[in-house]
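Accompanying notes for the structure given below.
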Number of protein chains: 2
Amino acid sequence: MRPTSIKDIARLANVSHSTVSRALRDSPLVNHETAAEIRRLADKMGYRLSAAARSLVTQRTDTIGVVVTTIADPFAAGVVEGIEEAANEHGLSVLLANSNADPERELRVVRTLEERRVDGIIVTASRVGALYIPELERMQVPIVLLNNQHPGEFAHSVMIANTEASEALAGHLIGLGHRQIAYLGDRFGRESDAERFEGFRRALTAAGLKLEKRFVVHGDGRPEGGHEAMARLLEGPRRPTAVFCYNDMSALGALLAIREAGLRVPADISVTGFDDLYLAQYTEPPLTTVRQPMRRMGRLALETLIQLLAGDRTKRNLKVPGELIIRGSTAAPQRKL
Amino acid sequence: MRPTSIKDIARLANVSHSTVSRALRDSPLVNHETAAEIRRLADKMGYRLSAAARSLVTQRTDTIGVVVTTIADPFAAGVVEGIEEAANEHGLSVLLANSNADPERELRVVRTLEERRVDGIIVTASRVGALYIPELERMQVPIVLLNNQHPGEFAHSVMIANTEASEALAGHLIGLGHRQIAYLGDRFGRESDAERFEGFRRALTAAGLKLEKRFVVHGDGRPEGGHEAMARLLEGPRRPTAVFCYNDMSALGALLAIREAGLRVPADISVTGFDDLYLAQYTEPPLTTVRQPMRRMGRLALETLIQLLAGDRTKRNLKVPGELIIRGSTAAPQRKL
DNA sequence: AACACCATTGCACACGTGTGCAATGATTGT
DNA sequence: ACAATCATTGCACACGTGTGCAATGGTGTT
C-alpha cells in the first residue's frame, strides 16, 4: 500500500491536485473553506508529504550531512547533539556519516552525500583524512569545518581558540609555581595539537621558562596513548611537576600511569586536560581542563551553514573561546626547586 | 547550476535517457560499447544519480531513521556507531534524530521520518516516551527497539540480557563474601531497571540473603543521581559493604560520594556498574561491571532490520548476553559480620 | 525467399509535488 | 449595464529516474 498522496486527497475533495498542494502549503490562492476541508481530509487520511518528491522540484532536501570520524568520540557526540538540536529548530534533518578514518569509507561517504543532494555539510573530524576534502570541494555545497582548518577558500569553519586557551591553562600551572612542565600531545592532532602546543610554549616563554625537549611527548589522543606517553615521561631521572595534556582522554591515561607509578595527583604531579568531557568531573581527582562548549559549537556550525544557505557567502571563520575549568588535579608543586 | 542528470548525458551520447539509465544500472539490455561510452561520459561529467528521483520511483529511500534520546549518551553513541557501520555496508544511510525526551520533539521526529519515507527505524531510547510509540506504530515501516521492550506486536527488539547479567554480577559480589549489598537503581530505567533489579534479587535469594528495603535506592541513571543516592545510603547507621549500581554513570557518582565520605573502594565498599563504558577502565579504581557490546548490538539491530526489509516478518526478540568484567572496584569485604 | 528470433533502442508513462499561466465566474466601480 | 478587477481553480509542465512495451534492424533457419 502506497502512502496517500495529494492526488488521493484531490479525488475525495473533488478538486485538482494543484489545489490540494496549495491548500496544504497555506497558499492564499485557495478558498478558505475548501482549504479547511482539504486539511481535514489530509489529516483524516494520515497524509504526509513526500520529501523526495518535493525536493525534486524545489531542488532542496532540507537535509545536511554531518561527517564525523566516529560518533563514539564524546567530543563528536557533543557537537552532533548541538548540530542536531539546532537543525531540528530550522526544519533540517541530519544525515550522519562516520568516516572511521578509513579512506575507502570517506569516499563512499562523500558519494552518498552527493547523491542525497544534501544542502550543506559539517565536518567534525579531528583527524581529517585530507584525502577526501578535495572530493567535497567539488560539490557545489556549503561546507563548515569544525575544529579543523583547511587552507582552501571553499570551507568555512568554527574553531576553539586553542592557542589562547592553552596559554591560559599553562599560565595557571605557572601561576601555581610550576617550572618543570611537560607537554603530552597527540601525534594525530595536526593543527589542533600544533596550536595547543603553541599556546603552551608562549606561556612558558612569557614566564621566562625554557622548554625542555625531553618534556615533550606524544600520545594518540586517547587514554592508551596518554598512558604510554606518561609512563615514558616518568622514566627519566628528573620528572616534571606538571603535565599539560592534549585532551581529557590523554589525561585519563596519564592519571592512570601516575597512579601506577605510585605517585599522587596533584601532590606529586599536576595534570591538566582539554575538552571538559563529562567524565572530567568524575576522575580522581577531578580534572583541571579547558571547556569546549561542544553543543554550542555544534549550534554555531549549523547556524553558519544556515547563513550560507541563505546566500550570504562571506567567508566565516569563527573562533570560540575556551573556558578554564580549575578542579582538583592541579596544585602548587610540593617542593621548591 | 543544476547537477548533471542522465538527460544531459543522453544528449551528449546521442541516445535516450532510458538507455543511459540502463547503462548506468548495468542492465544487459544495452550494447556493451555504448554502455562503456556512457559510463565514460558520466564519469567525466561528474554525474551522481539523484537519490530523491530514484526513490520516487523505487518507493525505497535506502535510508533508515535512528532515534536516540540524546547522542551525547555514550551508550547511545556506541550503538549508533555499530548501526552506522553496518548500514554503510548495506548501502543504507542513517538519518539521526534526537528526541531529547521532549514530547513535542518526539512527535516532530516521527513526522520527519514519515515524510522522509525511511525504510525502517531503530529506536534506542532507554527512557522512551511511550507517547510516540503509537505514532510510530501507524507508519507501515519495520521498527526495531534496542534495549527497550514494547508489548505490541509491531516492533522487534534487541536487548541485553539484563536479568542474567545482573544475577551473575550480584553473584560475584556474594561470592566475594558480601552479605550487605545495596541496589542503586534508576528511577527512569523502566523495564531495564526492573530487570536488573530482578537479577539482583534472584542472586540474593539464591544465596539465602534477605533484601533490606533501606538498601534499595534510586538515582537518575547519571552521576548526579548516583552521587545523591549513594550519599543517602551512607547516612544510615549500618552501611552496605557493596553497592550494585544500575549503570556505570550511576557508579561514577557513587564512587565520588564514597570518596567524599572518606571511605575507600573497594576496601570499605565494593562498587559495580553496568555497561562497561569506555571510562569504566579509567575510574579509580577501575570499575567492575557488565559489558554491553554496544557496537555489536547496533549491528544486530540493523541486521534485524535488513531481514525485515527483505520481507521476512517473523517476530524477532534477540537477547544479547552481557559479559562480566571484573576490575578493581570489587573485593572481599573488610571484616566478617 | 519467407520466416522466426534476437539484440538494441526509444517512447511513453509513472513516481509525488510545485507553480506559471490561462480560464472561469463573481464582484466592484462608474 | 458594461468593463475592469478579483478570487478561485485547473491545465500542463517540470523535477530526475526506472521500466513495460513496441519498434527497428539484423541474423539465422528452413
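Convention: chains lettered A, B, ... in C-alpha cells order; per-chain residue numbering from 1; ligands numbered from 1 as shown.
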| said: Can you work out which residues from chain A touch chain D at a cut-off of 7 Å (counting only C-alpha atoms (C1' of nucleotides)) and hand them back as a ChimeraX atom specification? | reply: /A:16,29-31,56-57
| task | Tell me the residues of chain C close to chain A, meaning within 10 Å using only C-alpha atoms (C1' of nucleotides), as a ChimeraX atom specification. | result | /C:15-19
| Closest of A:Leu24, A:Leu41, A:Met159, A:Leu277 to chain B - atom-to-atom distances counting only C-alpha atoms |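 With only C-alpha atoms as the atom set, the closest residue is A:Leu277.
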Distance table requested - chain B against chain A, cut-off 8 Å, only C-alpha atoms: one row per qualifying residue with the closest atom pair and its distance in Å to one decimal, ordered by chain and rising residue number, as a tab-separated table.
```
residue	atom	partner	partner_atom	distance
B:Arg48	CA	A:Glu115	CA	5.6
B:Leu49	CA	A:Glu115	CA	5.7
B:Ser50	CA	A:Glu115	CA	5.3
B:Ala51	CA	A:Arg116	CA	5.3
B:Ala52	CA	A:Ala52	CA	4.7
B:Ala53	CA	A:Leu56	CA	6.5
B:Ser55	CA	A:Ala52	CA	7.2
B:Leu56	CA	A:Ala52	CA	6.4
B:Thr70	CA	A:Glu81	CA	6.9
B:Ile71	CA	A:Ala77	CA	5.8
B:Ala72	CA	A:Ala77	CA	5.1
B:Pro74	CA	A:Ala72	CA	6.9
B:Ala77	CA	A:Ala72	CA	5.1
B:Gly78	CA	A:Ala72	CA	5.3
B:Val80	CA	A:Ile71	CA	7.4
B:Glu81	CA	A:Ile71	CA	6.0
B:Glu84	CA	A:Asn98	CA	7.0
B:Glu85	CA	A:Asn98	CA	7.5
B:Ser93	CA	A:Leu95	CA	7.2
B:Val94	CA	A:Leu96	CA	5.7
B:Leu95	CA	A:Leu95	CA	4.6
B:Leu96	CA	A:Val94	CA	5.7
B:Ala97	CA	A:Glu84	CA	7.2
B:Asn98	CA	A:Glu84	CA	7.0
B:Arg111	CA	A:Arg48	CA	7.8
B:Thr112	CA	A:Ser93	CA	7.8
B:Glu114	CA	A:Arg48	CA	6.8
B:Glu115	CA	A:Ser50	CA	5.3
B:Arg116	CA	A:Ala51	CA	5.3
B:Arg117	CA	A:Ser50	CA	7.1
B:Leu252	CA	A:Tyr282	CA	6.6
B:Gly253	CA	A:Tyr282	CA	7.4
B:Leu256	CA	A:Tyr282	CA	7.0
B:Leu279	CA	A:Leu279	CA	7.6
B:Tyr282	CA	A:Leu252	CA	6.6
B:Thr283	CA	A:Thr283	CA	6.3
B:Glu284	CA	A:Glu284	CA	6.1
```
| query | Distance CA of Phe154 in chain B-CA of Glu106 in chain B, one decimal place? | reply |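 These two atoms are separated by 18.5 Å.
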| task | One decimal, Å: what's the distance from CA of Ser27 in chain B over to CA of Glu303 in chain B, could you say? | result |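 Atom-to-atom, CA of Ser27 in chain B to CA of Glu303 in chain B, that is 28.2 Å.
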| field | Members of range 39-211 of chain B assigned strand (DSSP E) by DSSP, as a PyMOL selection string | value | chain B and resi 63-68+93-98+120-124+143-146+155-160+181-186
Go ahead and save the picked residues with N, CA and C atoms, as a CSV table (one decimal), in the first residue's frame.
```csv
chain,number,residue,atom,x,y,z
B,63,THR,N,17.3,4.5,3.3
B,63,THR,CA,17.6,5.4,4.5
B,63,THR,C,16.9,4.8,5.7
B,64,ILE,N,17.5,4.8,6.8
B,64,ILE,CA,16.8,4.3,8.0
B,64,ILE,C,16.9,5.5,9.0
B,65,GLY,N,15.9,5.5,9.8
B,65,GLY,CA,15.9,6.5,10.9
B,65,GLY,C,16.4,5.9,12.2
B,66,VAL,N,17.2,6.7,12.9
B,66,VAL,CA,17.7,6.2,14.2
B,66,VAL,C,17.3,7.2,15.2
B,67,VAL,N,16.5,6.8,16.1
B,67,VAL,CA,16.0,7.7,17.2
B,67,VAL,C,16.7,7.4,18.5
B,68,VAL,N,17.4,8.4,19.0
B,68,VAL,CA,18.0,8.3,20.3
B,68,VAL,C,17.5,9.4,21.2
B,93,SER,N,21.7,4.7,4.3
B,93,SER,CA,22.1,5.9,5.1
B,93,SER,C,21.4,6.0,6.4
B,94,VAL,N,22.0,6.8,7.3
B,94,VAL,CA,21.3,6.9,8.6
B,94,VAL,C,20.9,8.4,8.8
B,95,LEU,N,19.6,8.5,9.1
B,95,LEU,CA,19.1,9.8,9.5
B,95,LEU,C,19.0,9.8,11.0
B,96,LEU,N,19.7,10.7,11.6
B,96,LEU,CA,19.8,10.7,13.1
B,96,LEU,C,18.8,11.7,13.7
B,97,ALA,N,18.1,11.2,14.7
B,97,ALA,CA,17.1,12.1,15.3
B,97,ALA,C,17.2,12.0,16.9
B,98,ASN,N,17.5,13.1,17.5
B,98,ASN,CA,17.5,13.1,19.0
B,98,ASN,C,16.1,13.5,19.4
B,120,GLY,N,13.1,2.0,7.4
B,120,GLY,CA,13.0,1.4,8.7
B,120,GLY,C,13.4,2.3,9.8
B,121,ILE,N,13.2,1.9,11.0
B,121,ILE,CA,13.5,2.7,12.1
B,121,ILE,C,14.1,1.9,13.3
B,122,ILE,N,15.2,2.4,13.9
B,122,ILE,CA,15.7,1.8,15.1
B,122,ILE,C,15.6,2.8,16.2
B,123,VAL,N,15.0,2.4,17.3
B,123,VAL,CA,14.8,3.3,18.4
B,123,VAL,C,15.7,2.8,19.6
B,124,THR,N,16.6,3.7,20.0
B,124,THR,CA,17.5,3.4,21.2
B,124,THR,C,17.2,4.4,22.2
B,143,ILE,N,10.2,-1.6,12.6
B,143,ILE,CA,10.8,-0.9,13.7
B,143,ILE,C,11.5,-1.9,14.6
B,144,VAL,N,12.7,-1.5,14.9
B,144,VAL,CA,13.5,-2.4,15.9
B,144,VAL,C,13.8,-1.5,17.1
B,145,LEU,N,13.4,-2.0,18.2
B,145,LEU,CA,13.7,-1.4,19.5
B,145,LEU,C,15.0,-1.9,20.1
B,146,LEU,N,15.8,-1.1,20.6
B,146,LEU,CA,17.0,-1.5,21.2
B,146,LEU,C,17.0,-1.3,22.7
B,155,ALA,N,6.7,-4.2,16.9
B,155,ALA,CA,8.1,-3.9,17.0
B,155,ALA,C,8.9,-5.1,17.3
B,156,HIS,N,10.1,-5.2,16.8
B,156,HIS,CA,11.0,-6.2,17.1
B,156,HIS,C,12.1,-5.6,18.0
B,157,SER,N,12.9,-6.4,18.5
B,157,SER,CA,13.8,-5.8,19.5
B,157,SER,C,15.2,-6.6,19.7
B,158,VAL,N,16.1,-5.8,20.1
B,158,VAL,CA,17.4,-6.4,20.5
B,158,VAL,C,17.7,-5.9,21.9
B,159,MET,N,17.9,-6.8,22.8
B,159,MET,CA,18.0,-6.4,24.2
B,159,MET,C,19.2,-7.1,24.9
B,160,ILE,N,19.8,-6.4,25.8
B,160,ILE,CA,20.8,-7.1,26.6
B,160,ILE,C,20.1,-8.0,27.6
B,181,ILE,N,24.4,-6.0,50.7
B,181,ILE,CA,24.5,-5.4,49.4
B,181,ILE,C,23.4,-4.5,49.0
B,182,ALA,N,23.7,-3.3,48.6
B,182,ALA,CA,22.7,-2.3,48.3
B,182,ALA,C,22.4,-2.3,46.7
B,183,TYR,N,21.2,-1.9,46.4
B,183,TYR,CA,20.9,-1.7,44.9
B,183,TYR,C,20.6,-0.3,44.7
B,184,LEU,N,21.4,0.3,43.8
B,184,LEU,CA,21.3,1.7,43.5
B,184,LEU,C,20.7,1.8,42.0
B,185,GLY,N,19.4,2.0,41.9
B,185,GLY,CA,18.8,1.9,40.6
B,185,GLY,C,18.6,3.2,39.9
B,186,ASP,N,17.8,3.2,38.9
B,186,ASP,CA,17.5,4.3,38.0
B,186,ASP,C,16.0,4.5,38.0
```
